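Raw protein-v8.txt, compact mmCIF, C-alpha atoms and all ligand atoms:
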# COMPACT_ATOMS: atom_id res chain seq x y z
CA MET A 1 103.26 128.45 92.64
CA LYS A 2 103.58 128.82 96.38
CA LEU A 3 107.24 129.71 95.98
CA ARG A 4 106.47 132.41 93.45
CA SER A 5 103.84 134.04 95.65
CA THR A 6 106.19 134.03 98.66
CA ILE A 7 108.86 135.76 96.64
CA LEU A 8 106.36 138.18 95.10
CA ALA A 9 105.08 139.11 98.54
CA ALA A 10 108.66 139.83 99.55
CA LEU A 11 109.09 141.98 96.45
CA PHE A 12 105.95 144.00 97.16
CA PHE A 13 107.11 144.48 100.68
CA ALA A 14 110.43 145.81 99.46
CA THR A 15 108.94 148.11 96.80
CA GLY A 16 106.57 149.39 99.49
CA ILE A 17 109.56 150.62 101.42
CA PHE A 18 111.00 152.32 98.33
CA THR A 19 107.83 154.14 97.21
CA GLY A 20 106.54 154.92 100.67
CA THR A 21 109.75 156.50 101.95
CA ALA A 22 111.13 158.11 98.80
CA GLN A 23 112.72 161.05 100.65
CA THR A 24 114.54 158.98 103.22
CA SER A 25 116.42 156.85 100.75
CA ASN A 26 119.42 156.55 103.09
CA VAL A 27 117.33 154.51 105.50
CA VAL A 28 116.08 152.38 102.65
CA ALA A 29 119.56 151.58 101.48
CA THR A 30 120.44 150.11 104.87
CA ALA A 31 117.10 148.31 105.42
CA ALA A 32 118.40 144.86 104.55
CA VAL A 33 115.46 143.09 102.96
CA TYR A 34 117.21 139.98 101.79
CA MET A 35 116.05 139.00 98.34
CA PRO A 36 117.44 135.95 96.65
CA ASP A 37 117.71 135.94 92.88
CA ILE A 38 115.32 133.19 91.78
CA THR A 39 116.34 133.05 88.11
CA HIS A 40 117.87 129.58 88.56
CA ALA A 41 115.47 128.25 91.18
CA ASN A 42 113.85 125.81 88.76
CA ASP A 43 117.08 124.42 87.30
CA PRO A 44 118.59 121.23 88.66
CA LEU A 45 120.94 122.08 91.53
CA PRO A 46 124.50 121.80 90.19
CA GLU A 47 127.21 119.85 92.02
CA GLY A 48 129.36 121.89 94.38
CA VAL A 49 126.66 124.13 95.86
CA LEU A 50 125.39 122.19 98.87
CA GLY A 51 127.44 119.34 100.32
CA TRP A 52 124.90 116.82 101.71
CA ASP A 53 125.58 114.10 104.26
CA ALA A 54 123.43 111.92 101.96
CA LEU A 55 120.84 112.44 99.24
CA SER A 56 118.90 109.35 100.17
CA LYS A 57 118.38 107.84 103.58
CA SER A 58 116.77 104.70 104.84
CA VAL A 59 115.20 103.91 108.23
CA ASP A 60 113.46 100.86 109.65
CA ALA A 61 110.01 101.19 111.19
CA THR A 62 108.14 98.62 113.22
CA ASN A 63 104.54 97.95 112.30
CA GLU A 64 103.53 99.72 115.53
CA GLN A 65 105.39 102.95 114.77
CA GLU A 66 103.49 106.17 114.00
CA PHE A 67 106.24 108.32 112.45
CA ALA A 68 109.52 107.75 110.61
CA ARG A 69 111.99 110.59 111.16
CA PHE A 70 114.93 111.75 109.06
CA ILE A 71 117.54 114.47 109.32
CA PHE A 72 119.43 115.65 106.24
CA ALA A 73 122.49 117.78 107.02
CA PHE A 74 124.28 119.96 104.50
CA THR A 75 126.90 122.68 104.11
CA ASN A 76 127.00 125.61 101.75
CA ILE A 77 130.25 124.75 99.94
CA THR A 78 130.24 127.80 97.65
CA PRO A 79 132.15 131.03 98.41
CA THR A 80 128.83 132.98 98.32
CA ASN A 81 125.35 132.98 99.85
CA VAL A 82 122.92 130.18 99.08
CA SER A 83 119.25 130.45 99.99
CA ILE A 84 116.81 127.65 100.58
CA LEU A 85 113.55 128.93 99.09
CA GLU A 86 111.25 126.00 99.73
CA VAL A 87 111.19 122.40 100.97
CA HIS A 88 108.33 120.51 99.42
CA PRO A 89 107.53 116.87 100.35
CA SER A 90 105.90 114.68 97.68
CA CYS A 91 103.20 113.59 100.07
CA GLY A 92 100.90 115.33 102.55
CA CYS A 93 102.00 112.64 105.02
CA THR A 94 105.47 114.21 105.29
CA THR A 95 106.27 117.38 107.22
CA ALA A 96 109.51 119.33 107.04
CA GLU A 97 111.18 121.24 109.85
CA LEU A 98 113.48 124.11 108.94
CA PRO A 99 113.92 127.81 109.72
CA PRO A 100 111.61 130.26 107.90
CA VAL A 101 112.29 130.62 104.17
CA PRO A 102 114.07 132.21 102.39
CA TRP A 103 116.72 130.61 104.59
CA LEU A 104 120.01 132.39 103.94
CA LEU A 105 123.15 130.31 104.29
CA PRO A 106 126.38 132.31 104.07
CA ALA A 107 129.46 130.66 102.55
CA GLY A 108 130.44 127.65 104.68
CA ALA A 109 127.22 127.65 106.75
CA LYS A 110 125.76 124.34 107.83
CA GLY A 111 122.08 123.46 108.06
CA GLU A 112 119.71 120.60 108.82
CA ILE A 113 116.30 119.73 107.47
CA GLY A 114 114.17 117.46 109.65
CA LEU A 115 111.51 115.35 107.96
CA SER A 116 108.86 113.23 109.53
CA VAL A 117 106.64 110.82 107.64
CA ASN A 118 103.29 109.93 109.20
CA LEU A 119 102.88 106.17 108.90
CA ALA A 120 99.16 106.04 109.76
CA GLY A 121 97.53 103.42 107.59
CA LYS A 122 100.88 102.39 106.08
CA SER A 123 102.68 100.54 108.82
CA GLY A 124 100.53 97.42 108.49
CA THR A 125 102.07 96.33 105.20
CA PRO A 126 105.68 95.17 105.45
CA GLY A 127 108.00 96.34 102.67
CA ALA A 128 109.77 99.45 101.42
CA LEU A 129 107.99 102.79 101.26
CA PHE A 130 109.57 105.64 99.27
CA LYS A 131 108.97 109.38 99.62
CA THR A 132 110.72 112.27 97.90
CA VAL A 133 111.26 115.77 99.19
CA ASN A 134 112.12 118.59 96.83
CA VAL A 135 114.51 121.26 98.09
CA THR A 136 114.46 124.48 96.05
CA THR A 137 117.36 126.90 96.40
CA ASP A 138 118.29 130.05 94.49
CA HIS A 139 120.91 127.89 92.72
CA GLY A 140 118.48 125.16 91.64
CA LYS A 141 116.43 122.30 93.08
CA LYS A 142 117.27 118.84 94.32
CA ASP A 143 115.23 115.79 95.38
CA LEU A 144 115.99 113.99 98.62
CA ILE A 145 114.86 110.38 98.79
CA LEU A 146 113.43 108.79 101.93
CA ARG A 147 113.12 105.05 102.24
CA ILE A 148 111.17 103.49 105.09
CA ASN A 149 111.47 99.75 105.62
CA ILE A 150 108.30 98.62 107.32
CA LEU A 151 109.33 95.55 109.27
CA PRO A 152 107.10 92.49 109.44
CA PRO A 153 105.22 92.07 112.71
CA PRO A 154 107.24 90.30 115.39
CA PRO A 155 106.45 86.59 115.84
CA MET A 156 103.87 85.74 118.45
CA PRO A 157 105.42 85.71 121.91
CA GLU A 158 106.48 82.37 123.39
CA MET A 159 104.63 81.50 126.54
CA THR A 160 105.55 79.31 129.44
CA GLU A 161 103.06 76.68 130.66
CA GLU A 162 102.70 78.71 133.82
CA GLN A 163 101.80 81.89 131.93
CA ARG A 164 99.36 79.94 129.79
CA PHE A 165 97.54 78.53 132.80
CA ALA A 166 97.55 81.92 134.51
CA GLY A 167 95.99 83.47 131.39
CA ILE A 168 93.27 80.87 131.15
CA ALA A 169 92.59 81.06 134.89
CA ALA A 170 92.31 84.85 134.82
CA ALA A 171 90.06 84.75 131.74
CA LYS A 172 87.78 82.22 133.41
CA VAL A 173 87.18 84.69 136.23
CA ASP A 174 86.80 87.64 133.83
CA ARG A 175 86.86 87.03 130.08
CA GLN A 176 87.65 90.76 129.59
CA ALA A 177 90.89 90.32 131.58
CA VAL A 178 92.85 90.00 128.31
CA PHE A 179 92.39 93.73 127.72
CA LYS A 180 93.75 94.72 131.14
CA GLY A 181 97.07 95.11 132.94
CA ASP A 182 99.88 92.81 131.91
CA CYS A 183 97.64 90.73 129.62
CA ALA A 184 97.13 93.77 127.38
CA SER A 185 100.86 93.92 126.56
CA CYS A 186 100.36 90.85 124.32
CA HIS A 187 96.62 90.78 123.73
CA LEU A 188 95.96 94.46 123.06
CA LYS A 189 98.75 95.80 120.87
CA LYS A 190 98.20 99.15 119.15
CA ILE A 191 94.84 99.00 117.38
CA GLY A 192 94.10 102.71 116.76
CA GLY A 193 93.57 103.32 113.05
CA LYS A 194 93.56 99.60 112.25
CA TYR A 195 90.76 97.87 110.40
CA GLY A 196 89.91 94.53 108.78
CA GLN A 197 92.81 92.14 108.27
CA GLN A 198 95.27 94.23 110.31
CA LEU A 199 92.92 94.17 113.27
CA PHE A 200 92.40 90.44 112.92
CA GLU A 201 96.14 89.85 112.95
CA THR A 202 96.64 92.14 115.95
CA LEU A 203 93.73 91.02 118.13
CA CYS A 204 92.22 87.71 117.10
CA ALA A 205 95.08 85.68 115.61
CA ILE A 206 96.87 85.55 118.98
CA CYS A 207 94.16 83.19 120.25
CA HIS A 208 92.56 81.75 117.12
CA GLU A 209 95.68 81.08 115.05
CA ALA A 210 98.17 80.12 117.78
CA LYS A 211 99.52 76.66 117.11
CA ASP A 212 99.64 75.89 120.85
CA ARG A 213 96.21 77.25 121.53
CA ALA A 214 93.91 75.60 124.04
CA THR A 215 91.42 73.11 122.64
CA MET A 216 88.45 75.34 123.47
CA VAL A 217 89.69 77.99 121.01
CA PRO A 218 88.04 77.13 117.66
CA ASP A 219 89.68 77.27 114.23
CA LEU A 220 87.70 80.07 112.57
CA ALA A 221 88.42 78.71 109.09
CA ASN A 222 86.66 75.42 109.90
CA LEU A 223 83.59 76.29 111.88
CA LYS A 224 80.81 73.74 111.91
CA VAL A 225 78.13 76.42 111.99
CA PRO A 226 76.86 78.50 109.05
CA THR A 227 78.43 81.97 109.04
CA ASN A 228 77.60 85.35 107.57
CA GLU A 229 78.61 88.93 108.24
CA GLU A 230 76.06 89.31 111.03
CA PHE A 231 77.37 86.14 112.69
CA TRP A 232 80.89 87.63 112.83
CA ARG A 233 79.63 91.01 113.98
CA ALA A 234 77.60 89.49 116.82
CA TRP A 235 80.46 87.29 118.08
CA ILE A 236 83.02 90.11 117.97
CA THR A 237 80.66 92.56 119.64
CA ALA A 238 79.59 90.41 122.58
CA GLY A 239 81.83 87.32 122.66
CA LYS A 240 80.26 84.70 124.85
CA ALA A 241 79.54 84.96 128.55
CA GLY A 242 80.90 82.01 130.52
CA SER A 243 83.57 81.24 127.89
CA LEU A 244 87.04 82.61 127.21
CA MET A 245 85.84 84.59 124.16
CA PRO A 246 85.88 88.28 125.22
CA ALA A 247 83.44 91.00 124.09
CA PHE A 248 85.24 93.49 121.84
CA ALA A 249 82.67 96.32 121.59
CA THR A 250 83.44 99.42 123.66
CA SER A 251 79.79 99.30 124.80
CA GLN A 252 80.62 95.93 126.46
CA GLY A 253 83.97 96.89 127.95
CA GLY A 254 86.04 95.95 124.89
CA PRO A 255 88.50 97.99 122.83
CA LEU A 256 86.81 98.21 119.38
CA SER A 257 84.64 100.91 117.81
CA ASP A 258 81.56 99.93 115.79
CA LEU A 259 83.42 100.85 112.62
CA GLN A 260 86.33 98.57 113.50
CA ILE A 261 83.93 95.73 114.28
CA ALA A 262 82.12 96.25 110.97
CA SER A 263 85.45 96.16 109.11
CA LEU A 264 86.44 92.93 110.85
CA ALA A 265 83.07 91.30 110.14
CA ALA A 266 83.34 92.29 106.45
CA TYR A 267 86.91 90.95 106.27
CA LEU A 268 86.05 87.61 107.92
CA ASN A 269 82.92 87.20 105.80
CA ALA A 270 85.04 87.76 102.69
CA ILE A 271 87.74 85.23 103.57
CA HIS A 272 85.29 82.66 105.02
CA PRO A 273 82.39 82.93 102.57
CA SER A 274 78.96 82.45 104.03
CA LYS A 275 77.83 78.88 104.39
CA VAL A 276 74.30 79.87 105.33
CA PRO A 277 72.02 78.01 102.95
CA THR A 278 70.14 80.47 100.74
CA LYS A 279 66.52 79.68 99.83
C1 LIG B 1 91.47 85.42 124.53
C2 LIG B 1 91.38 84.54 123.40
C3 LIG B 1 90.46 84.94 122.26
C4 LIG B 1 90.54 86.09 121.50
C5 LIG B 1 91.52 87.22 121.65
C6 LIG B 1 89.50 85.97 120.51
N1 LIG B 1 88.78 84.83 120.68
FE1 LIG B 1 87.22 84.24 119.56
N2 LIG B 1 86.96 82.65 120.79
C7 LIG B 1 87.78 82.31 121.85
C8 LIG B 1 87.24 81.13 122.51
C9 LIG B 1 87.81 80.44 123.72
C10 LIG B 1 86.07 80.77 121.80
C11 LIG B 1 85.13 79.62 122.08
C12 LIG B 1 83.94 80.16 122.85
C13 LIG B 1 83.03 79.02 123.26
O1 LIG B 1 83.35 78.40 124.24
O2 LIG B 1 82.03 78.83 122.55
C14 LIG B 1 85.94 81.74 120.72
C15 LIG B 1 84.91 81.74 119.81
C16 LIG B 1 84.83 82.57 118.73
C17 LIG B 1 83.80 82.46 117.70
C18 LIG B 1 82.66 81.47 117.66
C19 LIG B 1 83.01 80.31 116.79
C20 LIG B 1 82.00 79.18 116.88
O3 LIG B 1 82.39 78.13 117.35
O4 LIG B 1 80.86 79.41 116.51
C21 LIG B 1 84.05 83.44 116.80
C22 LIG B 1 83.27 83.76 115.56
C23 LIG B 1 85.24 84.17 117.27
N3 LIG B 1 85.65 83.60 118.44
C24 LIG B 1 85.79 85.23 116.61
C25 LIG B 1 86.83 85.99 117.15
C26 LIG B 1 87.32 87.19 116.54
C27 LIG B 1 86.86 87.75 115.21
C28 LIG B 1 88.27 87.68 117.35
C29 LIG B 1 89.04 88.99 117.22
C30 LIG B 1 88.22 90.18 117.24
C31 LIG B 1 88.40 86.77 118.47
N4 LIG B 1 87.48 85.76 118.31
C32 LIG B 1 89.30 86.92 119.51
C33 LIG B 1 88.91 82.99 122.25
C34 LIG B 1 89.35 84.19 121.74
C1 LIG B 2 103.56 87.10 126.76
C2 LIG B 2 102.36 87.41 126.01
C3 LIG B 2 101.03 87.07 126.68
C4 LIG B 2 100.55 87.53 127.88
C5 LIG B 2 101.22 88.49 128.85
C6 LIG B 2 99.24 86.96 128.04
N1 LIG B 2 98.94 86.16 126.97
FE1 LIG B 2 97.24 85.12 126.71
N2 LIG B 2 97.97 84.29 125.04
C7 LIG B 2 99.20 84.58 124.47
C8 LIG B 2 99.44 83.69 123.33
C9 LIG B 2 100.67 83.70 122.44
C10 LIG B 2 98.30 82.85 123.25
C11 LIG B 2 98.05 81.73 122.23
C12 LIG B 2 98.11 80.37 122.89
C13 LIG B 2 99.49 79.95 123.29
O1 LIG B 2 100.47 80.17 122.55
O2 LIG B 2 99.58 79.42 124.40
C14 LIG B 2 97.41 83.28 124.32
C15 LIG B 2 96.16 82.69 124.57
C16 LIG B 2 95.28 83.08 125.54
C17 LIG B 2 93.95 82.54 125.74
C18 LIG B 2 93.28 81.45 124.92
C19 LIG B 2 93.52 80.11 125.56
C20 LIG B 2 94.81 79.47 125.13
O3 LIG B 2 95.72 79.33 125.97
O4 LIG B 2 94.96 79.12 123.96
C21 LIG B 2 93.41 83.21 126.78
C22 LIG B 2 92.03 83.00 127.37
C23 LIG B 2 94.40 84.16 127.24
N3 LIG B 2 95.52 84.06 126.47
C24 LIG B 2 94.19 85.03 128.30
C25 LIG B 2 95.20 85.80 128.86
C26 LIG B 2 95.05 86.59 130.07
C27 LIG B 2 93.75 86.73 130.85
C28 LIG B 2 96.24 87.18 130.32
C29 LIG B 2 96.63 88.04 131.51
C30 LIG B 2 96.48 87.40 132.80
C31 LIG B 2 97.15 86.76 129.26
N4 LIG B 2 96.48 85.93 128.41
C32 LIG B 2 98.44 87.21 129.15
C33 LIG B 2 100.09 85.54 124.90
C34 LIG B 2 100.00 86.20 126.11
Starting from the coordinates I provided, produce the structure as structure tokens.
Ligand code: HEC
Ligand code: HEC
Amino acid sequence: MKLRSTILAALFFATGIFTGTAQTSNVVATAAVYMPDITHANDPLPEGVLGWDALSKSVDATNEQEFARFIFAFTNITPTNVSILEVHPSCGCTTAELPPVPWLLPAGAKGEIGLSVNLAGKSGTPGALFKTVNVTTDHGKKDLILRINILPPPPMPEMTEEQRFAGIAAAKVDRQAVFKGDCASCHLKKIGGKYGQQLFETLCAICHEAKDRATMVPDLANLKVPTNEEFWRAWITAGKAGSLMPAFATSQGGPLSDLQIASLAAYLNAIHPSKVPTK
């Protein structure tokens, strides 16, 4: 649809020149409005038109990464012109970089299409992610396939005894120290756009699920107290003064928005069902 209207606009533009300047037809003849023939645009692109470096490409992305980028290079291997009419990604998350269309490639010309896939909300789940990008030319269309391997999160960092004591000592002076300076490199990994389970794994697991954790760090799956969503929300928001449990709410000097805290409380309440006795 979009393709058709682009081409139609080009046609109207061209006819405008013809009708508007009927007497000066010499000028018109030399005004090179390039107009690809789109008769075959919707056919599959035959072999031997564009020589691609690859039709499918694969990249690895860490679970912290915001974009996965690809470059597809190609050559017009016909003895005539080929025009790229449109590059259309399957997903709104993918943007294409190329010269304005119609993009005329004379015989033998080389070109590159850059593609970048926004990984917001996707990079938390390890595994393969596939996207397709349709390239329409005046000789037919072709799908390019993008594969993004979302890598599992790196294992928790190993700590020396010295670092461990330094951490505890600093947190005793200021329980918000974990969010600052060097501490933040381990304790405050990228949290923008993360909610629920992903946030728990990024922010809370480092203390509460570490196998070498200090004895004062409780196992959240085996708390002796009754829990409910409000219990989780209150602890995450304010932590506990005089302990090593930091306050996570931005209003208390922490890194989390109210929405993130609500998502964490809902997640924890779902995996650790309430043990509050109901009347
Ligand atoms: C820097 C290490 C650290 C981090 C990070 C941390 N906690 Fe804690 N947390 C503690 C410690 C230590 C305590 C024990 C506080 C005390 O002395 O009562 C605690 C206590 C708690 C308690 C109270 C449990 C009870 O005994 O009633 C909850 C609930 C809790 N944390 C949830 C979380 C959640 C959810 C996160 C992530 C948003 C988190 N914590 C991140 C160290 C941490
Ligand atoms: C190299 C990564 C790293 C850095 C840097 C780091 N921590 Fe930690 N921290 C951890 C890990 C991993 C744990 C889980 C317990 C363990 O493995 O010793 C932890 C646990 C803690 C705990 C819970 C008590 C415990 O030992 O179980 C506190 C409190 C803490 N860190 C505070 C800090 C502070 C404050 C800083 C900065 C001075 C800091 N940490 C720097 C990785 C780090």
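Nearest residue to Asp174 in chain A, choosing from A:Asn42, A:Thr75, A:Ser243, A:Asn149 and counting only C-alpha atoms: A:Ser243.
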| What separation in Å, quoted to one decimal, exists between CA of Ala241 in chain A and CA of Glu229 in chain A? |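 Atom-to-atom, CA of Ala241 in chain A and CA of Glu229 in chain A are spaced 20.7 Å apart.
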| message | Taking only C-alpha atoms and all ligand atoms into account, name the residue in A:Leu55, A:Cys207, A:Ala221, A:Val173 that is nearest to ligand LIG 1 (chain B). | response |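 Of all the options, A:Cys207 lies closest to ligand LIG 1 (chain B).
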| request: Please give me, as a ChimeraX atom specification, the residues lying within 10 Å of ligand LIG 2 (chain B) when counting all atoms listed in the file. | output: /A:155-188,204-218,243-246
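Of the listed residues A:Ile38, A:Leu105, A:Ile84, A:Leu144, the one whose atoms come nearest to Asp53 in chain A is A:Leu144, with distances taken using all atoms listed in the file.
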| Between CA of Cys91 in chain A and CA of Phe74 in chain A - distance in Å to one decimal | 22.5 Å
| query | Within 12 Å of Val117 in chain A, counting only C-alpha atoms, which residues qualify if same-chain residues fewer than 3 places away don't, as a VMD selection string? | reply | chain A and resid 59 61 65 to 71 89 to 97 114 120 to 123 129 to 133 146 to 148
The selected residues should be written to file as a tab-separated table (two decimals), keeping the file's coordinate frame (atoms: C-alpha atoms).
chain	number	residue	atom	x	y	z
A	59	VAL	CA	115.20	103.91	108.23
A	61	ALA	CA	110.01	101.19	111.19
A	65	GLN	CA	105.39	102.95	114.77
A	66	GLU	CA	103.49	106.17	114.00
A	67	PHE	CA	106.24	108.32	112.45
A	68	ALA	CA	109.52	107.75	110.61
A	69	ARG	CA	111.99	110.59	111.16
A	70	PHE	CA	114.93	111.75	109.06
A	71	ILE	CA	117.54	114.47	109.32
A	89	PRO	CA	107.53	116.87	100.35
A	90	SER	CA	105.90	114.68	97.68
A	91	CYS	CA	103.20	113.59	100.07
A	92	GLY	CA	100.90	115.33	102.55
A	93	CYS	CA	102.00	112.64	105.02
A	94	THR	CA	105.47	114.21	105.29
A	95	THR	CA	106.27	117.38	107.22
A	96	ALA	CA	109.51	119.33	107.04
A	97	GLU	CA	111.18	121.24	109.85
A	114	GLY	CA	114.17	117.46	109.65
A	120	ALA	CA	99.16	106.04	109.76
A	121	GLY	CA	97.53	103.42	107.59
A	122	LYS	CA	100.88	102.39	106.08
A	123	SER	CA	102.68	100.54	108.82
A	129	LEU	CA	107.99	102.79	101.26
A	130	PHE	CA	109.57	105.64	99.27
A	131	LYS	CA	108.97	109.38	99.62
A	132	THR	CA	110.72	112.27	97.90
A	133	VAL	CA	111.26	115.77	99.19
A	146	LEU	CA	113.43	108.79	101.93
A	147	ARG	CA	113.12	105.05	102.24
A	148	ILE	CA	111.17	103.49	105.09
| task | Select, from A:Phe248, A:Trp52, A:Trp232, A:Phe200, the residue with the minimum atom-to-atom distance to Lys142 in chain A, counting all atoms listed in the file. | result |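 Ranked by minimum distance to Lys142 in chain A, first place goes to A:Trp52.
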